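J.: Please find one structure pasted underneath; my questions will follow.
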Amino acid sequence: MILYDFHLHSSFSTDSDAPLQEMIEEAQRQELSGVCVTEHLDRDFVPEPGLFEADPGKVLQEIRRLQRLYGERIEILFGMELGLQEHLGPYYENLAAAYPFDFLIASQHLVEGKDPYEKNAWTGRTVSSLLLSYYEEMYENLKKMTAWDTLAHLDYIIRYVPEGTPEGEKEEWDKINELLPEILRLLIMQGKCLEINTAGLRTSIKRTNPSRELISLYRDLGGRKLTIGSDAHDPAWVGYGFEKARKMLKELGFSAYSIFRGRKETELPL
Ligand SMILES: [Zn+2]
Ligand SMILES: [Zn+2]
């Protein structure tokens with residue numbers, strides 16, 4: 001069983017309206033043992049800083065209040081989702097040291113300064129050219145930072161390819177296929193985790209990020225460490241698709257997933 005949801009957002013993130021307590025209520029209703037609250041921090045990108053970016057201490061205060069309120073009934077941990085950008089490494093390293101975080105997620109949300117979620121990021125582009133840029137940026141950013149525990153939704157960009165975008169050139173696809181194992185090797189060498197993000201299971205792609213193929217590749221390269229998160233921005237999606245993900249991971253030969261307390265890893269059986 002997957003008993004912890006290690007990726008969720010509340011109204012402290014700019015893209016969620018859900019009160020944190022409602023997220024916790026839903027997790028408890030599902031009889032999860034715990035959650036890690038991982039509010040967004042995409043500095044220098046979102047036009048208005050979210051409440052979390054403005055003052056991480058406020059989120060911590062609310063988490064402490066909920067920890068007292070729920071006591072033993074559910075474990076509530078304090079994380080953050082760092083939006084990677086080339087110039088932000090030192091800023092994130094400082095921030096990570098300034099608060100008692102349990103867990104840090106690294107996420108490449110942007111490519112060439114744009115969110116691939118926005119259609120205009122794809123104007124005049126092929127799939128291969130933008131994917132290649134995306135993975136190159138991710139690889140460079142991950143190499144420069146130590147303040148992270150898991151790499152979130154590795155193939156996030158795939159969710160947003162607009163229909164009809166030309167596939168692109170074989171040469172670029174070959175480069176992408178060389179780069180992906182390099183990114184996974186970096187995780188393995190640095191002792192970091194690969195996140196299995198279940199949000200895609202409720203969208204048109206109908207699968208986890210990363211894909212089953214990439215998770216198999218990670219295993220073949222020697223990767224064993226996984227974290228699991230729903231990326232819920234609404235109480236309805238807490239823990240979504242966990243049983244499906246668990247079955248797939250068991251089929252692929254994984255037997256455990258990781259949770260973090262005070263940035264120290266503990267493995268739990270799948
Ligand atoms: Zn994300
Ligand atoms: Zn997220």
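Simple scheme: letters A, B, ... for chains in structure tokens order, numbers from 1 for residues in each chain, numbers from 1 for ligands in the order shown.
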Report as a PDB file with C-alpha atoms, in the first residue's frame: the residues of segment 54-259 of chain A with a DSSP assignment of strand (DSSP E or B), based on the backbone of this structure.
T.:
```pdb
ATOM      1  CA  GLU A  75       1.488  12.834   9.900  1.00  0.00           C
ATOM      2  CA  ILE A  76       1.886  16.229   8.200  1.00  0.00           C
ATOM      3  CA  LEU A  77       5.275  17.080   6.752  1.00  0.00           C
ATOM      4  CA  PHE A  78       6.714  20.307   5.368  1.00  0.00           C
ATOM      5  CA  GLY A  79       8.127  20.323   1.857  1.00  0.00           C
ATOM      6  CA  MET A  80       8.466  22.577  -1.145  1.00  0.00           C
ATOM      7  CA  GLU A  81       8.452  22.215  -4.923  1.00  0.00           C
ATOM      8  CA  LEU A  82      11.324  24.176  -6.425  1.00  0.00           C
ATOM      9  CA  GLY A  83      10.856  25.376  -9.993  1.00  0.00           C
ATOM     10  CA  PHE A 103      11.488  17.188   1.802  1.00  0.00           C
ATOM     11  CA  LEU A 104      12.404  19.091  -1.366  1.00  0.00           C
ATOM     12  CA  ILE A 105      11.103  18.439  -4.865  1.00  0.00           C
ATOM     13  CA  ALA A 106      12.992  19.641  -7.944  1.00  0.00           C
ATOM     14  CA  SER A 107      10.792  20.421 -10.938  1.00  0.00           C
ATOM     15  CA  VAL A 111      11.648  25.626 -21.212  1.00  0.00           C
ATOM     16  CA  LYS A 114       8.187  29.680 -20.994  1.00  0.00           C
ATOM     17  CA  THR A 150      13.423  13.881  -5.711  1.00  0.00           C
ATOM     18  CA  LEU A 151      12.985  14.816  -9.358  1.00  0.00           C
ATOM     19  CA  CYS A 193      14.813   9.740  -5.833  1.00  0.00           C
ATOM     20  CA  LEU A 194      12.680   9.606  -8.950  1.00  0.00           C
ATOM     21  CA  GLU A 195       9.125  10.802  -8.360  1.00  0.00           C
ATOM     22  CA  ILE A 196       6.173   8.819  -9.647  1.00  0.00           C
ATOM     23  CA  ASN A 197       3.614  11.568 -10.211  1.00  0.00           C
ATOM     24  CA  ASN A 209       4.910  10.957 -15.200  1.00  0.00           C
ATOM     25  CA  LEU A 226      11.128   6.362  -5.630  1.00  0.00           C
ATOM     26  CA  THR A 227       8.818   8.932  -4.117  1.00  0.00           C
ATOM     27  CA  ILE A 228       5.112   9.001  -4.892  1.00  0.00           C
ATOM     28  CA  GLY A 229       2.815  12.001  -5.157  1.00  0.00           C
ATOM     29  CA  ALA A 232      -3.216  17.339  -6.050  1.00  0.00           C
ATOM     30  CA  ALA A 256       9.611   0.036  -1.763  1.00  0.00           C
ATOM     31  CA  TYR A 257       9.066   3.785  -1.907  1.00  0.00           C
ATOM     32  CA  SER A 258      10.634   6.544   0.153  1.00  0.00           C
ATOM     33  CA  ILE A 259       9.364   9.195   2.499  1.00  0.00           C
TER      34      ILE A 259
END
```
J.: Would you list the contacts of Gly50 of chain A as a list in words, taking every protein, DNA or RNA residue within 7 Å and counting only C-alpha atoms, but skipping same-chain residues closer than 5 positions in sequence?
T.: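 Non-adjacent residues within range: Phe12, Ser13 and Thr14 of chain A.
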J.: Could you pull out the alpha helix (DSSP H) residues of segment 61-242 of chain A from DSSP and send them as JSON, numbers by chain?
T.: {"A": [61, 62, 63, 64, 65, 66, 67, 68, 69, 70, 89, 90, 91, 92, 93, 94, 95, 96, 97, 98, 127, 128, 129, 130, 131, 132, 133, 134, 135, 136, 137, 138, 139, 140, 141, 142, 143, 144, 170, 171, 172, 173, 174, 175, 176, 177, 178, 179, 180, 181, 182, 183, 184, 185, 186, 187, 188, 189, 190, 212, 213, 214, 215, 216, 217, 218, 219, 220, 242]}
J.: Using only C-alpha atoms and all ligand atoms, which residues have at least one atom no more than 8 Å from ligand 1? Output them as a list in words.
T.: His40, Glu81, Gly83, Ser107, Gln108, His109, Ala152, His153, Tyr156 and Asp231 of chain A
J.: Name the closest residue to Asp44 of chain A among the candidates A:Arg224, A:Lys144, A:Arg207, A:His87; distances are taken between atoms, counting only C-alpha atoms.
T.: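 Ranked by minimum distance to Asp44 of chain A, first place goes to A:His87.
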J.: Find the residue from A:Arg212, A:His233, A:Lys264, A:Arg64 that sits nearest to ligand 2; use only C-alpha atoms and all ligand atoms when measuring.
T.: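 Nearest to ligand 2: A:His233.
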J.: What lies within 12 Å of Ile205 of chain A using only C-alpha atoms, ignoring chain neighbours under 6 positions off, as a ChimeraX atom specification?
T.: /A:155-161,198-199,211
J.: Go ahead and write the residues just picked, C-alpha atoms, as a compact mmCIF listing (two decimals), in the first residue's frame.
T.:
```txt
# COMPACT_ATOMS: atom_id res chain seq x y z
CA ASP A 155 8.48 14.01 -18.65
CA TYR A 156 6.06 16.78 -17.56
CA ILE A 157 6.42 18.54 -20.92
CA ILE A 158 4.72 15.59 -22.70
CA ARG A 159 1.44 16.47 -20.98
CA TYR A 160 1.19 19.68 -22.97
CA VAL A 161 2.25 18.96 -26.57
CA THR A 198 0.08 10.22 -10.58
CA ALA A 199 -1.59 13.45 -11.80
CA SER A 211 6.10 6.93 -18.27
```
J.: Considering only C-alpha atoms and all ligand atoms, state which residue in the set A:Val238, A:Val59, A:Leu249, A:Leu3 is at the smallest distance from ligand 2.
T.: A:Val238
J.: Between A:Ala18, A:Leu142, A:Met1, A:Ile74, which residue has the minimum interatomic distance to Cys36 of chain A, considering only C-alpha atoms?
T.: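 Of the candidates, the smallest distance to Cys36 of chain A is held by A:Ile74.
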J.: Between atom CA of Lys225 of chain A and atom CA of Phe101 of chain A, measure the distance and give it in Å to one decimal.
T.: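 If I compute the distance from atom CA of Lys225 of chain A to atom CA of Phe101 of chain A, I get 19.5 Å.
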